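Enquirer: Please find one structure pasted underneath; my questions will follow.
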Amino acid sequence: MAESEEEEAQTDAESKPKKGRKGLFLTAGLSLVAAGAGYGAVTFGVLDSLLKEKPKSEQGEEYKTIEFVPLDPMVISLGPAASSSHLRFVAQLEVTKGNAKAVAALQPRVMDTLNTYLRAVTEEELREPASIMKLRAQMLRRIQVVLGEGLVNDLLVIEFVLN
């Protein structure tokens with residue numbers, strides 16, 4: 001019986017293929033194919049459109065289509081119950097090029113809208129650091145309603161000081 005077990009072990013060992021070399025050749029072959037594909041992509045310019053940097057003449061083109069309209073500085077009274085007495089507010093409006101004159105002509109309406117809104121805001125809201133984003137969005141929306149859609153792109157808050 002011992003001899004038959006040894007014979008079976010030898011035949012099993014001979015019939016099993018060696019896995020180590022087959023995997024090595026497969027890995028080496030796939031690596032060569034991937035390296036060749038990468039070389040070809042770089043050589044023939046396939047990746048140029050993805051990695052291409054804008055020429056210096058085109059950089060900053062989007063900023064040539066906008067203008068800024070400065071708003072008059074505003075000082076808003078906060079009322080007798082507030083610990084600060086005034087809010088100093090200075091801003092500019094970002095408009096599409098060519099609309100600056102129209103927006104400047106309607107500046108009194110914008111100032112009235114901002115003054116009315118800022119007087120209604122509580123001092124706690126003004127003091128909270130995170131509320132500036134909410135206030136800015138609210139003011140921009142009110143300005144866009146007064147002036148009409150498409151004239152004003154953004155509101156840039158230059159100064160926002162409680163004293």
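Just remember, in the structure tokens the first chain shown is A, the second B, etc., residues are 1-based per chain, and ligands are 1-based in the order shown.
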Please identify all polymer residues within 10 Å of range 103-107 of chain A, counting only C-alpha atoms, omitting same-chain residues fewer than 3 positions from it, and present them as a list in words.
Expert: Phe68, Val69, Pro70, Leu71, Asp72, Leu93, Glu94, Val95, Gly98, Asn99, Ala100, Val110, Met111, Asp112, Thr113, Ile143, Val146, Leu147, Leu151 and Val152 of chain A
Enquirer: Work out how far CA of His86 in chain A is from CA of Arg141 in chain A, in Å to one decimal.
Expert: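 Taking CA of Arg141 in chain A as the start and CA of His86 in chain A as the end point, the length is 23.6 Å.
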Enquirer: For Thr96 in chain A, which of A:Arg142, A:Asn153, A:Ser77, A:Glu124 is the closest residue, counting only C-alpha atoms?
Expert: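 Using only C-alpha atoms, the shortest distance to Thr96 in chain A belongs to A:Asn153.
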Enquirer: What's around Leu87 in chain A at 9 Å? Count only C-alpha atoms, leave out sequence neighbours fewer than 2 positions away in its own chain, and write the answer as a list in words.
Expert: Met74, Val75, Ile76, Ser77, Leu78, Ser84, Ser85, Phe89, Leu118, Leu126, Phe160, Val161, Leu162 and Asn163 of chain A
Enquirer: Mind dumping the selected residues with N, CA, C and O atoms as an mmCIF file, in the first residue's frame?
Expert:
data_model
loop_
_atom_site.group_PDB
_atom_site.id
_atom_site.type_symbol
_atom_site.label_atom_id
_atom_site.label_comp_id
_atom_site.auth_asym_id
_atom_site.auth_seq_id
_atom_site.Cartn_x
_atom_site.Cartn_y
_atom_site.Cartn_z
ATOM 1 N N MET A 74 -22.605 102.979 2.820
ATOM 2 C CA MET A 74 -23.834 103.134 3.599
ATOM 3 C C MET A 74 -23.504 103.039 5.081
ATOM 4 O O MET A 74 -22.678 102.222 5.484
ATOM 5 N N VAL A 75 -24.167 103.852 5.892
ATOM 6 C CA VAL A 75 -24.096 103.758 7.344
ATOM 7 C C VAL A 75 -25.528 103.565 7.816
ATOM 8 O O VAL A 75 -26.382 104.424 7.623
ATOM 9 N N ILE A 76 -25.772 102.396 8.418
ATOM 10 C CA ILE A 76 -27.125 102.034 8.836
ATOM 11 C C ILE A 76 -27.213 102.087 10.353
ATOM 12 O O ILE A 76 -26.395 101.486 11.055
ATOM 13 N N SER A 77 -28.211 102.781 10.859
ATOM 14 C CA SER A 77 -28.455 102.861 12.295
ATOM 15 C C SER A 77 -29.101 101.560 12.758
ATOM 16 O O SER A 77 -30.048 101.077 12.134
ATOM 17 N N LEU A 78 -28.590 101.013 13.869
ATOM 18 C CA LEU A 78 -29.086 99.725 14.343
ATOM 19 C C LEU A 78 -30.169 99.840 15.411
ATOM 20 O O LEU A 78 -30.741 98.843 15.812
ATOM 21 N N SER A 84 -24.052 97.916 19.423
ATOM 22 C CA SER A 84 -23.355 98.741 18.436
ATOM 23 C C SER A 84 -24.369 99.728 17.878
ATOM 24 O O SER A 84 -25.551 99.430 17.755
ATOM 25 N N SER A 85 -23.904 100.903 17.527
ATOM 26 C CA SER A 85 -24.865 101.902 17.069
ATOM 27 C C SER A 85 -25.026 101.942 15.551
ATOM 28 O O SER A 85 -26.085 102.302 15.056
ATOM 29 N N PHE A 89 -21.345 99.743 5.625
ATOM 30 C CA PHE A 89 -21.448 98.751 4.565
ATOM 31 C C PHE A 89 -20.998 99.359 3.249
ATOM 32 O O PHE A 89 -21.496 100.408 2.838
ATOM 33 N N LEU A 118 -31.163 95.835 5.378
ATOM 34 C CA LEU A 118 -30.194 95.843 6.474
ATOM 35 C C LEU A 118 -30.766 96.424 7.768
ATOM 36 O O LEU A 118 -30.362 96.054 8.856
ATOM 37 N N LEU A 126 -26.156 90.087 12.469
ATOM 38 C CA LEU A 126 -25.014 90.829 11.942
ATOM 39 C C LEU A 126 -23.711 90.405 12.612
ATOM 40 O O LEU A 126 -22.654 90.408 11.990
ATOM 41 N N PHE A 160 -17.837 95.629 5.957
ATOM 42 C CA PHE A 160 -18.996 95.241 6.756
ATOM 43 C C PHE A 160 -18.573 95.364 8.214
ATOM 44 O O PHE A 160 -18.056 94.418 8.807
ATOM 45 N N VAL A 161 -18.720 96.561 8.787
ATOM 46 C CA VAL A 161 -18.172 96.868 10.101
ATOM 47 C C VAL A 161 -19.267 97.371 11.039
ATOM 48 O O VAL A 161 -20.001 98.309 10.696
ATOM 49 N N LEU A 162 -19.340 96.754 12.218
ATOM 50 C CA LEU A 162 -20.232 97.229 13.270
ATOM 51 C C LEU A 162 -19.423 98.129 14.206
ATOM 52 O O LEU A 162 -18.346 97.760 14.652
ATOM 53 N N ASN A 163 -19.942 99.330 14.499
ATOM 54 C CA ASN A 163 -19.269 100.200 15.477
ATOM 55 C C ASN A 163 -20.280 100.987 16.261
ATOM 56 O O ASN A 163 -21.398 101.093 15.982
#
Enquirer: Can you pull out every residue within 8 Å of Pro73 in chain A, counting only C-alpha atoms, but drop anything in the same chain fewer than 4 positions away, and send it as a list in words?
Expert: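 Once the adjacent positions are removed, what remains is Arg88, Phe89, Val90 and Ala91 of chain A.
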Enquirer: I need the residues from that last selection saved to file as a short mmCIF file (atom, residue, chain, number, x, y, z; two decimals), in the first residue's frame (with N, CA, C and O atoms), if you can.
Expert:
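After the write, out-v6.cif holds the following:
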data_model
loop_
_atom_site.label_atom_id
_atom_site.label_comp_id
_atom_site.auth_asym_id
_atom_site.auth_seq_id
_atom_site.Cartn_x
_atom_site.Cartn_y
_atom_site.Cartn_z
N ARG A 88 -21.41 99.94 9.06
CA ARG A 88 -20.84 100.56 7.86
C ARG A 88 -20.74 99.47 6.80
O ARG A 88 -20.13 98.43 7.01
N PHE A 89 -21.34 99.74 5.63
CA PHE A 89 -21.45 98.75 4.56
C PHE A 89 -21.00 99.36 3.25
O PHE A 89 -21.50 100.41 2.84
N VAL A 90 -20.03 98.71 2.60
CA VAL A 90 -19.55 99.14 1.28
C VAL A 90 -19.54 97.90 0.39
O VAL A 90 -19.07 96.84 0.81
N ALA A 91 -20.03 98.04 -0.83
CA ALA A 91 -20.10 96.89 -1.74
C ALA A 91 -19.93 97.33 -3.19
O ALA A 91 -20.00 98.53 -3.50
#
Enquirer: From the list A:Met133, A:Met139, A:Ala102, A:Ile66, which residue is nearest Asn115 in chain A when using only C-alpha atoms?
Expert: A:Met139
Enquirer: Quick one, how far is CA of Gly23 in chain A from CA of Gly36 in chain A?
Expert: 19.9 Å
Enquirer: DSSP on the backbone: which residues in range 43-161 of chain A end up as alpha helix (DSSP H)? Give the answer as a ChimeraX atom specification.
Expert: /A:43,48-51,100-105,107-120,123-127,131-147
Enquirer: What separation in Å, quoted to one decimal, exists between CA of Leu140 in chain A and CA of Val121 in chain A?
Expert: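 We find that CA of Leu140 in chain A and CA of Val121 in chain A lie 15.0 Å from each other.
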Enquirer: For the strand (DSSP E) assignment from backbone DSSP, which residues of range 87-140 of chain A qualify? Please present them as a list in words.
Expert: Leu87, Arg88, Phe89, Val90, Ala91, Gln92, Leu93, Glu94, Val95 and Thr96 of chain A
Enquirer: Just all heavy atoms for this one: save the residues we selected as a PDB file, in the first residue's frame.
Expert:
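Dumped everything to part.pdb:
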ATOM      1  N   LEU A  87     -23.848 100.264  11.436  1.00  0.00           N
ATOM      2  CA  LEU A  87     -23.224  99.306  10.532  1.00  0.00           C
ATOM      3  C   LEU A  87     -22.707 100.088   9.337  1.00  0.00           C
ATOM      4  O   LEU A  87     -23.457 100.824   8.706  1.00  0.00           O
ATOM      5  CB  LEU A  87     -24.232  98.253  10.056  1.00  0.00           C
ATOM      6  CG  LEU A  87     -23.804  97.393   8.862  1.00  0.00           C
ATOM      7  CD1 LEU A  87     -22.649  96.475   9.251  1.00  0.00           C
ATOM      8  CD2 LEU A  87     -24.969  96.596   8.328  1.00  0.00           C
ATOM      9  N   ARG A  88     -21.412  99.943   9.056  1.00  0.00           N
ATOM     10  CA  ARG A  88     -20.836 100.565   7.857  1.00  0.00           C
ATOM     11  C   ARG A  88     -20.743  99.470   6.803  1.00  0.00           C
ATOM     12  O   ARG A  88     -20.133  98.428   7.014  1.00  0.00           O
ATOM     13  CB  ARG A  88     -19.477 101.146   8.155  1.00  0.00           C
ATOM     14  CG  ARG A  88     -18.848 101.800   6.943  1.00  0.00           C
ATOM     15  CD  ARG A  88     -17.659 102.670   7.338  1.00  0.00           C
ATOM     16  NE  ARG A  88     -16.854 103.036   6.197  1.00  0.00           N
ATOM     17  CZ  ARG A  88     -17.178 103.929   5.285  1.00  0.00           C
ATOM     18  NH1 ARG A  88     -18.334 104.560   5.376  1.00  0.00           N
ATOM     19  NH2 ARG A  88     -16.383 104.206   4.274  1.00  0.00           N
ATOM     20  N   PHE A  89     -21.345  99.743   5.625  1.00  0.00           N
ATOM     21  CA  PHE A  89     -21.448  98.751   4.565  1.00  0.00           C
ATOM     22  C   PHE A  89     -20.998  99.359   3.249  1.00  0.00           C
ATOM     23  O   PHE A  89     -21.496 100.408   2.838  1.00  0.00           O
ATOM     24  CB  PHE A  89     -22.904  98.259   4.456  1.00  0.00           C
ATOM     25  CG  PHE A  89     -23.126  97.263   3.359  1.00  0.00           C
ATOM     26  CD1 PHE A  89     -22.738  95.947   3.516  1.00  0.00           C
ATOM     27  CD2 PHE A  89     -23.725  97.638   2.178  1.00  0.00           C
ATOM     28  CE1 PHE A  89     -22.948  95.026   2.510  1.00  0.00           C
ATOM     29  CE2 PHE A  89     -23.944  96.731   1.169  1.00  0.00           C
ATOM     30  CZ  PHE A  89     -23.553  95.411   1.333  1.00  0.00           C
ATOM     31  N   VAL A  90     -20.034  98.714   2.604  1.00  0.00           N
ATOM     32  CA  VAL A  90     -19.554  99.136   1.283  1.00  0.00           C
ATOM     33  C   VAL A  90     -19.542  97.898   0.392  1.00  0.00           C
ATOM     34  O   VAL A  90     -19.074  96.836   0.811  1.00  0.00           O
ATOM     35  CB  VAL A  90     -18.133  99.751   1.357  1.00  0.00           C
ATOM     36  CG1 VAL A  90     -17.646 100.162  -0.013  1.00  0.00           C
ATOM     37  CG2 VAL A  90     -18.104 100.928   2.309  1.00  0.00           C
ATOM     38  N   ALA A  91     -20.030  98.038  -0.834  1.00  0.00           N
ATOM     39  CA  ALA A  91     -20.099  96.885  -1.737  1.00  0.00           C
ATOM     40  C   ALA A  91     -19.934  97.331  -3.186  1.00  0.00           C
ATOM     41  O   ALA A  91     -19.999  98.531  -3.501  1.00  0.00           O
ATOM     42  CB  ALA A  91     -21.435  96.171  -1.568  1.00  0.00           C
ATOM     43  N   GLN A  92     -19.723  96.348  -4.038  1.00  0.00           N
ATOM     44  CA  GLN A  92     -19.685  96.554  -5.481  1.00  0.00           C
ATOM     45  C   GLN A  92     -20.533  95.480  -6.140  1.00  0.00           C
ATOM     46  O   GLN A  92     -20.642  94.363  -5.624  1.00  0.00           O
ATOM     47  CB  GLN A  92     -18.251  96.480  -6.015  1.00  0.00           C
ATOM     48  CG  GLN A  92     -17.390  97.623  -5.567  1.00  0.00           C
ATOM     49  CD  GLN A  92     -16.045  97.625  -6.273  1.00  0.00           C
ATOM     50  OE1 GLN A  92     -15.765  96.813  -7.153  1.00  0.00           O
ATOM     51  NE2 GLN A  92     -15.202  98.565  -5.890  1.00  0.00           N
ATOM     52  N   LEU A  93     -21.090  95.825  -7.284  1.00  0.00           N
ATOM     53  CA  LEU A  93     -21.898  94.881  -8.045  1.00  0.00           C
ATOM     54  C   LEU A  93     -21.110  94.396  -9.245  1.00  0.00           C
ATOM     55  O   LEU A  93     -20.523  95.199  -9.978  1.00  0.00           O
ATOM     56  CB  LEU A  93     -23.188  95.538  -8.516  1.00  0.00           C
ATOM     57  CG  LEU A  93     -24.131  96.058  -7.429  1.00  0.00           C
ATOM     58  CD1 LEU A  93     -25.301  96.789  -8.051  1.00  0.00           C
ATOM     59  CD2 LEU A  93     -24.614  94.916  -6.568  1.00  0.00           C
ATOM     60  N   GLU A  94     -21.085  93.103  -9.452  1.00  0.00           N
ATOM     61  CA  GLU A  94     -20.462  92.526 -10.647  1.00  0.00           C
ATOM     62  C   GLU A  94     -21.536  92.414 -11.716  1.00  0.00           C
ATOM     63  O   GLU A  94     -22.557  91.755 -11.513  1.00  0.00           O
ATOM     64  CB  GLU A  94     -19.894  91.147 -10.331  1.00  0.00           C
ATOM     65  CG  GLU A  94     -19.243  90.483 -11.524  1.00  0.00           C
ATOM     66  CD  GLU A  94     -18.788  89.079 -11.213  1.00  0.00           C
ATOM     67  OE1 GLU A  94     -18.046  88.899 -10.237  1.00  0.00           O
ATOM     68  OE2 GLU A  94     -19.192  88.167 -11.958  1.00  0.00           O
ATOM     69  N   VAL A  95     -21.301  93.084 -12.850  1.00  0.00           N
ATOM     70  CA  VAL A  95     -22.283  93.096 -13.927  1.00  0.00           C
ATOM     71  C   VAL A  95     -21.622  92.644 -15.228  1.00  0.00           C
ATOM     72  O   VAL A  95     -20.406  92.714 -15.373  1.00  0.00           O
ATOM     73  CB  VAL A  95     -22.911  94.495 -14.112  1.00  0.00           C
ATOM     74  CG1 VAL A  95     -23.661  94.925 -12.882  1.00  0.00           C
ATOM     75  CG2 VAL A  95     -21.879  95.516 -14.489  1.00  0.00           C
ATOM     76  N   THR A  96     -22.422  92.214 -16.165  1.00  0.00           N
ATOM     77  CA  THR A  96     -21.931  91.851 -17.478  1.00  0.00           C
ATOM     78  C   THR A  96     -21.511  93.121 -18.207  1.00  0.00           C
ATOM     79  O   THR A  96     -22.155  94.161 -18.086  1.00  0.00           O
ATOM     80  CB  THR A  96     -23.034  91.132 -18.266  1.00  0.00           C
ATOM     81  OG1 THR A  96     -23.562  90.081 -17.463  1.00  0.00           O
ATOM     82  CG2 THR A  96     -22.509  90.558 -19.557  1.00  0.00           C
TER      83      THR A  96
END
Enquirer: For Gln138 in chain A, which residue among A:Leu155, A:Gly150, A:Glu123, A:Lys101 is the nearest when counting only C-alpha atoms?
Expert: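 For Gln138 in chain A, the nearest of the given residues is A:Leu155.
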